[in-house]
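Next comes run_22.csv, a file with CSV, C-alpha atoms.
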```csv
chain,number,residue,atom,x,y,z
A,171,MET,CA,-79.2,-48.1,52.3
A,172,LYS,CA,-80.3,-44.9,53.7
A,173,ASN,CA,-79.1,-44.3,57.2
A,174,GLN,CA,-81.6,-45.0,59.9
A,175,ASN,CA,-80.8,-42.0,62.0
A,176,THR,CA,-83.3,-39.2,61.7
A,177,LEU,CA,-82.1,-35.7,62.2
A,178,LEU,CA,-84.0,-32.7,63.4
A,179,PRO,CA,-84.0,-29.6,61.2
A,180,GLY,CA,-80.5,-28.1,61.5
A,181,GLY,CA,-79.2,-31.3,62.9
A,182,GLU,CA,-77.1,-31.9,59.8
A,183,GLU,CA,-75.4,-28.6,60.3
A,184,ALA,CA,-74.7,-29.3,63.9
A,185,LEU,CA,-73.2,-32.6,63.0
A,186,GLU,CA,-71.0,-31.0,60.4
A,187,THR,CA,-69.8,-28.4,62.9
A,188,ARG,CA,-69.0,-31.2,65.4
A,189,PHE,CA,-67.1,-33.1,62.8
A,190,GLY,CA,-65.3,-30.0,61.6
A,191,LEU,CA,-64.2,-29.1,65.2
A,192,ARG,CA,-63.0,-32.6,65.8
A,193,VAL,CA,-60.9,-32.5,62.7
A,194,ALA,CA,-59.6,-29.1,63.8
A,195,VAL,CA,-58.4,-30.7,67.1
A,196,HIS,CA,-56.3,-33.2,65.2
A,197,LEU,CA,-55.0,-30.4,62.9
A,198,ASN,CA,-54.1,-28.4,66.0
A,199,ASP,CA,-52.1,-31.4,67.3
A,200,ALA,CA,-50.4,-31.7,63.9
A,201,ALA,CA,-49.5,-28.0,63.9
A,202,GLY,CA,-48.2,-28.3,67.5
A,203,GLN,CA,-45.8,-30.9,66.4
A,204,LEU,CA,-43.9,-29.0,63.8
A,205,PRO,CA,-40.2,-29.8,63.6
A,206,HIS,CA,-38.0,-27.6,65.7
A,207,ASP,CA,-36.3,-25.9,62.8
A,208,LEU,CA,-39.6,-24.9,61.2
A,209,SER,CA,-40.8,-23.5,64.5
A,210,GLU,CA,-37.6,-21.5,64.8
A,211,ARG,CA,-37.9,-20.2,61.3
A,212,LEU,CA,-41.5,-19.1,62.0
A,213,LYS,CA,-40.3,-17.5,65.2
A,214,SER,CA,-37.7,-15.6,63.2
A,215,ALA,CA,-40.2,-14.5,60.6
A,216,ARG,CA,-42.5,-13.3,63.4
A,217,GLU,CA,-39.7,-11.3,65.0
A,218,GLN,CA,-38.8,-9.8,61.7
A,219,ALA,CA,-42.5,-8.8,61.2
A,220,LEU,CA,-42.6,-7.3,64.7
A,221,GLN,CA,-39.5,-5.4,64.0
A,222,ARG,CA,-41.1,-3.9,60.9
A,223,ALA,CA,-44.1,-3.0,62.9
A,224,LYS,CA,-41.9,-1.2,65.4
A,225,LEU,CA,-40.2,0.7,62.6
A,226,VAL,CA,-43.5,1.7,61.1
A,227,ARG,CA,-44.8,2.9,64.5
A,228,SER,CA,-41.6,4.8,65.3
A,229,ALA,CA,-41.8,6.5,61.8
A,230,GLN,CA,-45.4,7.5,62.5
A,231,ILE,CA,-44.5,8.9,65.9
A,232,ALA,CA,-41.5,10.8,64.3
A,233,THR,CA,-43.7,12.4,61.6
A,234,SER,CA,-46.7,13.2,63.8
A,235,PRO,CA,-45.1,16.1,65.8
A,236,LYS,CA,-44.1,17.7,62.5
A,237,LEU,CA,-47.7,17.6,61.4
A,238,VAL,CA,-48.7,19.4,64.5
A,239,THR,CA,-46.0,22.1,64.2
A,240,ARG,CA,-46.4,22.6,60.5
A,241,GLY,CA,-50.1,22.5,60.3
A,242,SER,CA,-51.3,23.2,63.8
A,243,VAL,CA,-53.8,25.8,62.7
A,244,ALA,CA,-55.2,23.7,59.9
A,245,ALA,CA,-55.2,20.6,62.2
A,246,LEU,CA,-57.2,22.5,64.8
A,247,ALA,CA,-59.6,23.9,62.2
A,248,LEU,CA,-60.2,20.6,60.5
A,249,GLY,CA,-60.3,18.4,63.6
A,250,GLY,CA,-56.7,17.3,63.0
A,251,GLY,CA,-55.1,14.1,61.9
A,252,GLY,CA,-57.6,13.1,59.2
A,253,PRO,CA,-56.9,12.5,55.5
A,254,ARG,CA,-58.2,16.0,54.7
A,255,SER,CA,-55.6,17.7,56.9
A,256,ASP,CA,-52.9,15.6,55.3
A,257,TRP,CA,-54.0,16.9,52.0
A,258,TRP,CA,-53.8,20.5,53.3
A,259,ILE,CA,-50.4,19.9,54.7
A,260,LYS,CA,-49.2,18.6,51.3
A,261,PHE,CA,-50.7,21.5,49.6
A,262,ALA,CA,-49.2,23.9,52.2
A,263,SER,CA,-45.7,22.5,51.6
A,264,PHE,CA,-46.0,23.6,47.9
A,265,VAL,CA,-46.9,27.2,48.8
A,266,PRO,CA,-43.3,28.4,49.5
A,267,VAL,CA,-42.2,26.9,46.1
A,268,LEU,CA,-45.0,28.7,44.3
A,269,ALA,CA,-44.1,31.9,46.1
A,270,LEU,CA,-40.5,31.6,45.1
A,271,ILE,CA,-41.4,31.0,41.5
A,272,GLY,CA,-43.8,34.0,41.5
A,273,GLY,CA,-41.1,36.2,43.1
A,274,PHE,CA,-38.6,35.3,40.4
A,275,ALA,CA,-41.1,36.1,37.7
A,276,LEU,CA,-41.9,39.4,39.3
A,277,ILE,CA,-38.2,40.4,39.7
A,278,SER,CA,-37.5,39.4,36.1
A,279,ASP,CA,-40.5,41.5,34.9
A,280,VAL,CA,-39.5,44.6,36.9
A,281,HIS,CA,-35.9,44.3,35.7
A,282,THR,CA,-36.9,44.1,32.1
A,283,ASN,CA,-39.2,47.1,32.4
A,284,ALA,CA,-36.4,49.1,34.1
A,285,GLN,CA,-34.1,48.2,31.2
A,286,ILE,CA,-36.7,49.3,28.6
A,287,LYS,CA,-37.4,52.5,30.4
A,288,ALA,CA,-33.7,53.4,30.6
A,289,ALA,CA,-33.2,52.7,26.9
A,290,ALA,CA,-36.2,54.8,26.1
A,291,GLU,CA,-34.9,57.7,28.1
A,292,ILE,CA,-31.5,57.5,26.4
A,293,ASP,CA,-33.2,57.4,23.0
A,294,ALA,CA,-35.4,60.3,23.9
A,295,ALA,CA,-32.4,62.3,25.1
A,296,LEU,CA,-30.5,61.6,21.9
A,297,LEU,CA,-33.4,62.5,19.6
A,298,ALA,CA,-34.2,65.7,21.6
A,299,ASP,CA,-30.6,66.9,21.6
A,300,ASP,CA,-29.0,68.8,18.7
A,301,ALA,CA,-26.0,67.0,17.4
A,302,PRO,CA,-22.8,69.2,17.6
A,303,LEU,CA,-21.4,70.4,14.2
A,304,ALA,CA,-18.2,68.5,14.8
A,305,ALA,CA,-20.2,65.3,14.8
A,306,TYR,CA,-21.0,65.7,11.1
A,307,SER,CA,-17.3,65.6,10.3
A,308,ASP,CA,-17.0,62.2,12.1
A,309,PRO,CA,-17.1,59.4,9.5
A,310,GLY,CA,-18.6,57.1,12.1
A,311,PHE,CA,-21.5,59.4,12.7
A,312,VAL,CA,-22.1,59.7,9.0
A,313,GLU,CA,-22.0,56.0,8.6
A,314,PHE,CA,-24.4,55.6,11.5
A,315,HIS,CA,-26.9,57.8,9.7
A,316,LYS,CA,-26.6,55.6,6.5
A,317,VAL,CA,-27.4,52.4,8.3
A,318,PRO,CA,-31.1,51.6,7.8
A,319,ARG,CA,-33.2,51.6,11.1
A,320,ASP,CA,-35.7,48.9,12.0
B,229,MET,CA,-54.9,0.0,67.8
B,230,ALA,CA,-53.3,-3.3,68.7
B,231,SER,CA,-50.4,-2.9,71.1
B,232,GLU,CA,-47.0,-4.5,70.3
B,233,LYS,CA,-47.7,-7.3,72.7
B,234,GLU,CA,-51.1,-8.0,71.2
B,235,LEU,CA,-49.6,-8.2,67.8
B,236,SER,CA,-46.8,-10.4,69.0
B,237,ASP,CA,-49.3,-12.7,70.8
B,238,PHE,CA,-51.5,-12.9,67.8
B,239,LEU,CA,-48.7,-13.8,65.5
B,240,LYS,CA,-47.4,-16.3,67.9
B,241,ASN,CA,-50.8,-17.9,68.2
B,242,VAL,CA,-51.5,-18.0,64.5
B,243,GLU,CA,-48.1,-18.7,62.9
B,244,LYS,CA,-48.2,-22.5,63.0
B,245,ARG,CA,-51.7,-22.8,61.7
B,246,ALA,CA,-50.9,-20.3,59.1
B,247,PHE,CA,-47.9,-22.3,58.0
B,248,LYS,CA,-50.0,-25.5,57.8
B,249,ARG,CA,-52.7,-23.7,55.8
B,250,ALA,CA,-50.1,-22.5,53.4
B,251,LEU,CA,-48.5,-25.9,53.2
B,252,TYR,CA,-51.8,-27.6,52.5
B,253,ALA,CA,-52.2,-25.2,49.6
B,254,VAL,CA,-48.7,-25.1,48.0
B,255,ARG,CA,-47.3,-28.4,49.3
B,256,ASP,CA,-43.8,-27.0,49.7
B,257,HIS,CA,-42.3,-26.2,53.0
B,258,GLU,CA,-40.0,-23.4,51.8
B,259,ALA,CA,-42.8,-21.7,49.8
B,260,ALA,CA,-45.2,-22.0,52.8
B,261,LEU,CA,-42.6,-20.4,55.1
B,262,ASP,CA,-42.1,-17.6,52.6
B,263,ILE,CA,-45.9,-17.1,52.3
B,264,VAL,CA,-46.4,-16.9,56.1
B,265,GLN,CA,-43.4,-14.5,56.5
B,266,ASP,CA,-44.8,-12.4,53.7
B,267,ALA,CA,-48.2,-12.3,55.3
B,268,MET,CA,-46.8,-11.5,58.7
B,269,ILE,CA,-44.8,-8.6,57.4
B,270,ARG,CA,-47.7,-7.2,55.4
B,271,LEU,CA,-49.8,-7.3,58.5
B,272,ALA,CA,-47.2,-5.7,60.6
B,273,GLU,CA,-46.4,-3.0,58.1
B,274,LYS,CA,-49.8,-2.0,56.9
B,275,TYR,CA,-52.4,-3.2,59.5
B,276,ALA,CA,-50.6,-3.0,62.9
B,277,ASP,CA,-52.6,0.1,63.7
B,278,ARG,CA,-55.9,-1.9,63.5
B,279,PRO,CA,-57.7,-2.9,66.7
B,280,ALA,CA,-56.5,-6.3,68.0
B,281,ALA,CA,-60.0,-7.8,67.4
B,282,GLU,CA,-59.7,-7.2,63.7
B,283,LEU,CA,-56.3,-8.8,63.3
B,284,PRO,CA,-57.5,-12.4,62.8
B,285,LEU,CA,-59.8,-11.6,59.9
B,286,VAL,CA,-57.3,-9.2,58.2
B,287,PHE,CA,-54.5,-11.8,58.6
B,288,GLN,CA,-56.5,-14.6,57.1
B,289,ARG,CA,-57.3,-12.3,54.1
B,290,ILE,CA,-53.6,-11.4,53.7
B,291,LEU,CA,-52.6,-15.0,54.0
B,292,SER,CA,-55.1,-16.1,51.3
B,293,ASN,CA,-53.8,-13.3,49.1
B,294,ALA,CA,-50.2,-14.1,49.7
B,295,THR,CA,-51.0,-17.7,48.7
B,296,MET,CA,-52.7,-16.6,45.6
B,297,ASP,CA,-49.7,-14.3,44.8
B,298,TRP,CA,-47.4,-17.3,45.2
B,299,PHE,CA,-49.5,-19.3,42.7
B,300,ARG,CA,-49.5,-16.4,40.3
B,301,ARG,CA,-45.7,-16.0,40.6
B,302,GLN,CA,-45.1,-19.7,40.1
B,303,LYS,CA,-47.5,-19.8,37.1
B,304,VAL,CA,-48.2,-23.4,37.9
B,305,ARG,CA,-51.5,-23.4,36.0
B,306,GLY,CA,-52.0,-27.1,36.6
B,307,ALA,CA,-51.6,-26.7,40.3
B,308,LEU,CA,-53.8,-23.6,40.3
B,309,MET,CA,-56.6,-25.4,38.4
B,310,LYS,CA,-56.3,-28.4,40.7
B,311,ASN,CA,-56.3,-26.4,44.0
B,312,PHE,CA,-58.9,-23.9,43.0
B,313,SER,CA,-61.3,-26.1,41.2
B,314,ASP,CA,-64.1,-25.5,43.7
B,315,TYR,CA,-66.8,-26.0,41.1
B,316,GLU,CA,-66.1,-29.6,40.6
B,317,VAL,CA,-68.2,-32.0,42.5
B,318,ALA,CA,-66.0,-34.1,44.7
B,319,GLY,CA,-68.1,-37.2,44.0
B,320,GLU,CA,-71.5,-38.4,44.9
B,321,ASP,CA,-72.2,-38.8,48.5
B,322,GLY,CA,-75.0,-41.3,47.9
B,323,ASP,CA,-76.3,-42.6,51.1
B,324,PHE,CA,-73.3,-41.7,53.1
B,325,ASP,CA,-74.1,-40.2,56.5
B,326,ILE,CA,-71.7,-38.1,58.4
B,327,LEU,CA,-73.2,-39.5,61.6
B,328,GLU,CA,-71.5,-42.7,60.9
B,329,THR,CA,-68.1,-41.1,61.5
B,330,LEU,CA,-69.1,-39.6,64.8
B,331,GLU,CA,-71.0,-42.3,66.5
B,332,SER,CA,-68.1,-44.0,68.0
B,333,GLN,CA,-67.5,-41.3,70.6
B,334,ASP,CA,-71.2,-40.6,71.3
B,335,GLY,CA,-71.6,-43.4,73.7
B,336,SER,CA,-71.9,-46.2,71.2
B,337,THR,CA,-70.1,-49.4,72.1
B,338,ALA,CA,-70.6,-51.1,68.9
B,339,THR,CA,-67.5,-49.9,67.2
B,340,GLU,CA,-64.0,-49.7,68.5
B,341,SER,CA,-62.2,-46.4,68.8
B,342,ALA,CA,-59.9,-45.4,65.9
B,343,SER,CA,-57.0,-45.0,68.3
B,344,ASP,CA,-57.3,-48.7,69.1
B,345,SER,CA,-56.3,-49.7,65.6
B,346,VAL,CA,-54.4,-46.8,64.2
B,347,SER,CA,-51.9,-44.7,66.1
B,348,ARG,CA,-52.7,-41.1,66.8
B,349,ALA,CA,-49.8,-39.9,64.6
B,350,GLN,CA,-51.2,-42.0,61.7
B,351,ILE,CA,-54.7,-40.5,62.2
B,352,MET,CA,-53.2,-37.0,62.1
B,353,LEU,CA,-51.3,-37.8,58.9
B,354,ALA,CA,-54.4,-39.3,57.3
B,355,ILE,CA,-56.5,-36.3,58.3
B,356,GLU,CA,-53.8,-33.9,57.0
B,357,SER,CA,-53.5,-35.8,53.8
B,358,GLN,CA,-57.3,-35.7,53.2
B,359,VAL,CA,-57.5,-32.0,54.0
B,360,GLU,CA,-54.6,-31.4,51.6
B,361,GLN,CA,-56.6,-33.2,48.9
B,362,LEU,CA,-59.7,-31.1,49.3
B,363,PRO,CA,-60.4,-28.6,46.5
B,364,GLY,CA,-58.8,-25.3,47.4
B,365,ARG,CA,-61.9,-23.3,48.1
B,366,GLN,CA,-63.5,-26.1,50.1
B,367,ARG,CA,-60.3,-26.5,52.1
B,368,GLU,CA,-60.0,-22.7,52.7
B,369,ALA,CA,-63.6,-22.5,53.9
B,370,PHE,CA,-63.3,-25.5,56.1
B,371,LEU,CA,-60.1,-24.4,57.8
B,372,LEU,CA,-61.3,-20.8,58.3
B,373,ARG,CA,-64.6,-22.0,59.7
B,374,TYR,CA,-63.5,-24.8,62.0
B,375,TRP,CA,-59.8,-24.3,62.6
B,376,GLU,CA,-59.6,-20.5,62.7
B,377,GLU,CA,-63.1,-20.5,64.2
B,378,LEU,CA,-64.4,-17.6,62.1
B,379,ASP,CA,-68.1,-17.4,61.7
B,380,VAL,CA,-69.8,-17.7,58.4
B,381,ALA,CA,-69.9,-14.0,57.7
B,382,GLU,CA,-66.2,-13.6,58.6
B,383,THR,CA,-65.2,-16.5,56.5
B,384,ALA,CA,-67.2,-15.1,53.6
B,385,ALA,CA,-65.4,-11.8,54.1
B,386,ALA,CA,-62.0,-13.4,54.3
B,387,MET,CA,-62.7,-15.5,51.1
B,388,GLY,CA,-64.4,-12.7,49.2
B,389,CYS,CA,-67.5,-14.8,48.5
B,390,SER,CA,-71.1,-15.1,49.8
B,391,GLU,CA,-72.1,-16.7,53.0
B,392,GLY,CA,-74.1,-19.2,51.0
B,393,SER,CA,-70.9,-20.2,49.2
B,394,VAL,CA,-69.1,-20.6,52.5
B,395,LYS,CA,-71.8,-23.0,53.8
B,396,THR,CA,-71.8,-25.0,50.6
B,397,HIS,CA,-67.9,-25.3,50.6
B,398,CYS,CA,-67.9,-26.3,54.2
B,399,SER,CA,-70.6,-28.8,53.9
B,400,ARG,CA,-68.9,-30.4,50.9
B,401,ALA,CA,-65.6,-30.4,52.6
B,402,VAL,CA,-67.0,-32.0,55.7
B,403,HIS,CA,-68.7,-34.7,53.7
B,404,ALA,CA,-65.7,-35.4,51.6
B,405,LEU,CA,-63.5,-35.7,54.6
B,406,ALA,CA,-65.9,-37.8,56.6
B,407,LYS,CA,-66.3,-40.2,53.6
B,408,ALA,CA,-62.5,-40.4,53.0
B,409,LEU,CA,-61.7,-41.0,56.7
B,410,LYS,CA,-64.5,-43.6,57.0
B,411,ALA,CA,-63.0,-45.4,54.0
B,412,LYS,CA,-59.8,-45.6,55.9
B,413,GLY,CA,-61.5,-46.9,59.0
B,414,ILE,CA,-61.0,-43.6,61.0
B,415,THR,CA,-63.8,-42.3,63.1
B,416,LEU,CA,-63.5,-39.1,65.1
```
Represent the structure from my file as structure tokens, please.
Amino acid sequence: MKNQNTLLPGGEEALETRFGLRVAVHLNDAAGQLPHDLSERLKSAREQALQRAKLVRSAQIATSPKLVTRGSVAALALGGGGPRSDWWIKFASFVPVLALIGGFALISDVHTNAQIKAAAEIDAALLADDAPLAAYSDPGFVEFHKVPRD
Amino acid sequence: MASEKELSDFLKNVEKRAFKRALYAVRDHEAALDIVQDAMIRLAEKYADRPAAELPLVFQRILSNATMDWFRRQKVRGALMKNFSDYEVAGEDGDFDILETLESQDGSTATESASDSVSRAQIMLAIESQVEQLPGRQREAFLLRYWEELDVAETAAAMGCSEGSVKTHCSRAVHALAKALKAKGITL
């Protein structure tokens, strides 16, 4: 048999809400009566979570002054603190490494060029000079001339 | 950004309900405790910098995800299917009217109060048992809407579904609960 009660439009929803809220009252009562050991364990879990939050916050505070000192110019220029400035700071931290690698490459290149230049000067001096007559009586010198050159 | 006290107060306020919600889903005290602890820590580590007003919604989302993660880890496919079978119809309501379960406290003298015949503790247990037996999505929608007092839009955001789905889940849950409680002679 269909219920005799007639509901206004939206009345069903209001009834559902009332019913839901009344169930919620009982659920609240049930939640409030948790055994002591469970309450204590929840409290312990909460304290652990708060401890983590404290650590995260202190870590953020510890890192933020570094950001200011390392990237103060960039932070000011970019409005500071945003993800873009973080990206610039990360990029900037690689600059010294890149400069070091570039410096090593430059030193190596200069050193190699200096060695080549010195060898060329010695070769030029040897080729330009006349060998003394006594040199031709030296078996080592004769042997040196017999060795094929690249 | 929520202050330390605001975060503490929020967690203190929500922890028992969160535990119960997890318990209704996983039906295991230890697992429910783990889930709540996991959700609290995730909130504290990753979202503690959010404004205090955003914490409830974020936490409900985290709790739901932590519960889902638990199911995934456990790989209890049977339980998963049972708890998340929100597409199944819980049974025909027929001519059942929710009003019948509410009338006793609306001034009607025709029926006696439930607390006259059944103790309050028994009513609580019966309600909890019925809530536990709801399909997972219906239970989640019902608890978020009426217990956590989120509005439809917030519930939809926390559940990752449309507002229409939330309304449908809630309505089905209310009717299923009302019908089951009425069958037990409990009126609210």
- Task: Define the interface residues of chain A facing chain B as those within 6 Å, counting only C-alpha atoms, and report them as a list in words.
- Result: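 Matching residues, ligands excluded from the count: Lys172, Gly190, Leu191, Ala194, His196, Ala201, Ala215, Ala219 and Ala223 of chain A.
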- Message: If I take CA of His315 in chain A and CA of Pro302 in chain A, how far is one from the other in Å, to one decimal?
- Response: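 These two atoms are separated by 14.5 Å.
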- Task: Could you jot down the CA of His397 in chain B to CA of Arg255 in chain B separation for me, Å, one decimal place?
- Result: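 Rounded to one decimal, the two atoms are 20.9 Å apart.
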- Message: I'd like the interatomic distance between CA of Val265 in chain A and CA of Ser228 in chain A, to a tenth of an Å.
- Response: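 Rounded to one decimal, the two atoms are 28.3 Å apart.
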- Residue neighbourhood Val394 in chain B, 12 Å, only C-alpha atoms, exclusion window fewer than 2 positions, as number ranges by chain: B: 314, 365-374, 378-392, 396-401
- Message: Under the rule that only C-alpha atoms are counted, which of B:Val286, B:Gly413, B:Trp298, B:Asn293 is the nearest residue to Ala354 in chain B?
- Response: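 For Ala354 in chain B, the nearest of the candidates is B:Gly413.
Checking A:Arg222, A:Arg227, A:Asp207, A:Phe314 one by one against Met229 in chain B, counting all atoms listed in the file, you find the shortest gap at A:Arg227.
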- Item | Option closest in space to Ala259 in chain B, from B:Ile414, B:Ala294, B:Ala404, B:Leu285 [counting all atoms listed in the file] | B:Ala294
